[in-house]
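**Q** Here you go, this is query-v6.cif (mmCIF, C-alpha atoms).
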```cif
data_final
loop_
_atom_site.label_atom_id
_atom_site.label_comp_id
_atom_site.auth_asym_id
_atom_site.auth_seq_id
_atom_site.Cartn_x
_atom_site.Cartn_y
_atom_site.Cartn_z
CA MET U 1 69.59 80.06 26.10
CA ALA U 2 66.23 81.72 26.78
CA ILE U 3 62.64 81.03 27.73
CA GLY U 4 60.42 81.45 24.73
CA GLU U 5 58.75 82.14 22.63
CA ILE U 6 56.24 83.21 25.24
CA GLY U 7 53.58 85.89 25.34
CA LEU U 8 50.09 86.63 24.15
CA ASP U 9 48.33 85.93 20.88
CA TYR U 10 44.75 87.15 20.52
CA TYR U 11 44.64 86.64 16.77
CA TRP U 12 43.59 82.99 16.90
CA ASN U 13 41.71 82.87 20.17
CA LYS U 14 40.25 85.82 22.07
CA GLU U 15 38.25 83.63 24.48
CA ASN U 16 41.23 82.52 26.57
CA LYS U 17 42.88 85.87 27.30
CA ASP U 18 42.91 85.35 31.07
CA ILE U 19 44.57 81.94 30.69
CA GLN U 20 47.16 83.37 28.30
CA LYS U 21 47.96 86.21 30.71
CA HIS U 22 48.31 83.82 33.64
CA VAL U 23 50.61 81.48 31.71
CA PHE U 24 52.72 84.40 30.43
CA ILE U 25 53.25 85.64 34.00
CA GLU U 26 54.17 82.13 35.18
CA GLN U 27 56.66 81.79 32.31
CA ILE U 28 58.26 85.10 33.32
CA LYS U 29 58.64 83.71 36.85
CA ILE U 30 60.32 80.58 35.47
CA ALA U 31 62.72 82.71 33.40
CA ASN U 32 63.57 84.73 36.52
CA GLU U 33 64.18 81.56 38.55
CA MET U 34 66.48 80.23 35.84
CA ASN U 35 68.10 83.65 35.25
CA LEU U 36 67.31 83.50 31.53
CA PRO U 37 66.07 86.15 29.11
CA ILE U 38 62.65 85.81 27.51
CA VAL U 39 61.66 85.78 23.85
CA ILE U 40 58.27 87.47 23.54
CA HIS U 41 55.56 86.81 20.99
CA THR U 42 52.73 89.33 20.88
CA ARG U 43 49.98 89.42 18.29
CA GLU U 44 46.99 91.72 18.62
CA ALA U 45 47.82 91.91 22.34
CA VAL U 46 50.18 94.88 22.60
CA ASN U 47 48.51 96.64 25.54
CA ASP U 48 48.14 93.50 27.64
CA THR U 49 51.72 92.43 26.86
CA LEU U 50 53.12 95.78 27.96
CA GLU U 51 50.94 95.87 31.06
CA ILE U 52 52.20 92.45 32.15
CA LEU U 53 55.82 93.42 31.54
CA LYS U 54 55.42 96.63 33.54
CA GLN U 55 53.75 94.83 36.44
CA ASN U 56 56.05 91.80 36.54
CA THR U 57 59.78 92.22 36.92
CA VAL U 58 61.81 90.51 34.22
CA ASN U 59 65.32 89.99 35.58
CA LYS U 60 67.13 89.31 32.28
CA LYS U 61 65.03 91.27 29.82
CA GLY U 62 64.91 89.66 26.40
CA VAL U 63 63.67 90.24 22.91
CA PHE U 64 60.44 91.03 21.15
CA HIS U 65 60.54 88.32 18.48
CA CYS U 66 59.26 89.27 15.03
CA CYS U 67 58.26 92.54 16.61
CA PRO U 68 55.01 94.06 15.37
CA LEU U 69 55.63 97.38 13.67
CA ASN U 70 53.81 99.28 16.40
CA ARG U 71 55.41 102.57 17.45
CA GLU U 72 54.16 102.51 21.06
CA LEU U 73 55.14 98.87 21.56
CA VAL U 74 58.68 99.51 20.33
CA LYS U 75 59.09 102.68 22.41
CA GLU U 76 57.84 100.99 25.59
CA ALA U 77 59.80 97.79 24.95
CA LEU U 78 62.99 99.81 24.57
CA LYS U 79 62.24 101.77 27.77
CA LEU U 80 61.85 98.44 29.56
CA GLY U 81 65.27 97.31 28.24
CA PHE U 82 64.20 94.79 25.61
CA TYR U 83 65.78 94.08 22.24
CA ILE U 84 63.72 94.37 19.06
CA SER U 85 63.97 91.62 16.46
CA PHE U 86 62.97 92.40 12.90
CA ALA U 87 61.68 89.84 10.41
CA GLY U 88 60.24 89.78 6.88
CA PRO U 89 57.45 92.33 7.43
CA VAL U 90 59.96 95.22 7.47
CA THR U 91 60.59 94.52 3.78
CA PHE U 92 56.93 94.36 2.71
CA LYS U 93 55.89 97.00 0.19
CA ASN U 94 52.68 97.68 2.14
CA SER U 95 54.52 98.23 5.42
CA LYS U 96 53.70 101.86 6.05
CA ASN U 97 55.95 102.52 9.04
CA ALA U 98 58.82 100.03 8.80
CA ASN U 99 61.42 102.75 8.19
CA GLU U 100 60.21 104.78 11.16
CA ILE U 101 60.29 101.75 13.47
CA ILE U 102 63.77 100.74 12.29
CA GLU U 103 64.99 104.28 12.95
CA LEU U 104 63.53 104.16 16.49
CA VAL U 105 65.64 101.18 17.51
CA PRO U 106 69.22 101.92 18.54
CA GLN U 107 71.92 99.74 17.02
CA ASP U 108 72.66 98.03 20.34
CA LYS U 109 69.05 96.77 20.57
CA ILE U 110 68.52 95.42 17.02
CA LEU U 111 68.24 91.73 16.17
CA ILE U 112 67.19 90.08 12.90
CA GLU U 113 65.44 86.79 12.23
CA THR U 114 63.60 84.87 9.56
CA ASP U 115 60.67 83.50 11.64
CA SER U 116 60.89 80.43 9.41
CA PRO U 117 58.87 79.03 7.79
CA TYR U 118 56.64 82.12 7.81
CA LEU U 119 56.82 85.76 6.76
CA SER U 120 59.32 85.52 3.93
CA PRO U 121 60.75 88.93 3.10
CA GLU U 122 60.53 90.57 -0.29
CA PRO U 123 61.45 89.34 -2.89
CA HIS U 124 60.25 85.92 -1.63
CA ARG U 125 57.03 86.96 0.08
CA GLY U 126 54.40 84.23 0.02
CA LYS U 127 56.96 81.43 -0.26
CA ARG U 128 58.37 79.21 2.49
CA ASN U 129 60.91 81.17 4.53
CA ASP U 130 64.31 79.90 5.61
CA PRO U 131 67.51 81.36 7.11
CA ARG U 132 68.95 82.29 3.72
CA ASN U 133 66.43 85.14 3.64
CA VAL U 134 67.74 86.94 6.71
CA LYS U 135 70.03 88.91 4.37
CA TYR U 136 67.01 90.80 2.98
CA ILE U 137 66.05 91.96 6.46
CA ALA U 138 69.63 93.02 7.18
CA GLN U 139 69.72 94.82 3.83
CA LYS U 140 66.54 96.76 4.64
CA ILE U 141 67.88 97.82 8.05
CA ALA U 142 71.21 98.83 6.50
CA GLU U 143 69.41 100.99 3.93
CA VAL U 144 67.29 102.73 6.55
CA LYS U 145 70.18 103.22 9.01
CA GLN U 146 72.48 104.19 6.12
CA ILE U 147 75.26 101.89 7.20
CA PRO U 148 76.89 98.96 5.40
CA ILE U 149 75.14 95.59 5.59
CA GLU U 150 78.37 94.13 6.99
CA GLU U 151 78.02 96.44 9.97
CA ILE U 152 74.41 95.27 10.50
CA ALA U 153 75.64 91.67 10.40
CA LYS U 154 78.35 92.45 12.96
CA LEU U 155 76.19 94.41 15.37
CA THR U 156 73.28 91.94 15.27
CA TYR U 157 75.74 89.10 15.88
CA GLU U 158 77.19 90.96 18.87
CA ASN U 159 73.71 91.79 20.19
CA THR U 160 72.71 88.13 19.88
CA CYS U 161 75.80 87.02 21.78
CA ARG U 162 75.14 89.60 24.50
CA ILE U 163 71.47 88.83 25.08
CA PHE U 164 71.80 85.04 24.95
CA ASN U 165 75.16 84.97 26.79
CA ILE U 166 76.98 83.29 23.91
CA ASN U 167 80.75 83.24 24.08
CA LYS U 168 82.16 84.63 20.86
CA LYS U 169 84.99 82.72 19.23
#
```
How does this structure look as structure tokens?

**A**
Amino acid sequence: MAIGEIGLDYYWNKENKDIQKHVFIEQIKIANEMNLPIVIHTREAVNDTLEILKQNTVNKKGVFHCCPLNRELVKEALKLGFYISFAGPVTFKNSKNANEIIELVPQDKILIETDSPYLSPEPHRGKRNDPRNVKYIAQKIAEVKQIPIEEIAKLTYENTCRIFNINKK
């Protein structure tokens, strides 16, 4: 269980930044009260997102969902103790720094997701996304990390269980 997806999105509306910041901070407080991790969405708001996280204690860290491929965001998020979740964009042919970002993230902080119904990975880019496509994201990470895809599946499963306090069977 977690609180999310919460955060800032300046792509659609830049006029309500102060409201978004206020609500994000209040949602962090709720997560702290409930002792739950947070799932963070940030779009065109990297600096403000990081500033809020540095100024507001997050008791049970969380995950940057569908993390933007931004070197500084990933470095700072990792320093703050967050997990990084990769989605379809890491497979895009025009993704200039996906490999570098994947390499930055240690195995114990990697998660994978589809972000359905959006951001289908190659070879299904532009089509409706669904959970069947998560294998392409895992495959890309396995190639970059030079480890078997089965190991990516295992470690992302274990990371998911750890962050969301899921009892493994």

**Q** Selection in question (the file shown): the PyMOL selection byres ((chain U and resi 56) around 12). Which residues does it include, as a PyMOL selection string?

**A** chain U and resi 21-22+24-29+31-32+49-55+57-59+61+80

**Q** Tell me which residues come within 6 Å of (64.4, 84.6, 27.4), as a PyMOL selection string, counting only C-alpha atoms in the file's coordinates.

**A** chain U and resi 2-4+36-39+62

**Q** Once the PyMOL selection byres ((chain U and resi 74) around 10) has been evaluated on this model, what residues remain selected, and can you format them as a count of residues only?

**A** 22

**Q** Point out the residue among U:Ile112, U:Asn159, U:Ile147, U:Pro89 with the least atom-to-atom distance to Gly126 in chain U, counting all atoms listed in the file.

**A** U:Pro89

**Q** Go through U:Asn99, U:Asn167, U:Gln107, U:Thr160 one by one, measure the shortest atom-to-atom distance of each to Val144 in chain U using all atoms listed in the file, and give the residue with the smallest value.

**A**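 Nearest candidate to Val144 in chain U out of U:Asn99, U:Asn167, U:Gln107, U:Thr160: U:Asn99.
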
**Q** Residue by residue, what does the PyMOL selection byres ((chain U and resi 119) around 6) grab here? Present the result as a PyMOL selection string.

**A** chain U and resi 88+118+120

**Q** Give me, as a list in words, all polymer residues having an atom no more than 6 Å from range 40-42 of chain U, counting only C-alpha atoms and skipping those fewer than 2 positions away in the same chain.

**A**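 What passes the distance filter is Glu5, Ile6, Gly7, Leu8, Asp9, Ala45, Phe64 and His65 of chain U.
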
**Q** Could you check which of U:Lys154, U:His124, U:Lys109, U:Lys60 is closest to Ala138 in chain U, using all atoms listed in the file?

**A** U:Lys154

**Q** At most 7 Å from (64.5, 84.9, 7.2), file frame, only C-alpha atoms: which residues, as JSON, numbers by chain?

**A** {"U": [87, 88, 113, 114, 115, 116, 120, 121, 129, 130, 131, 132, 133, 134]}
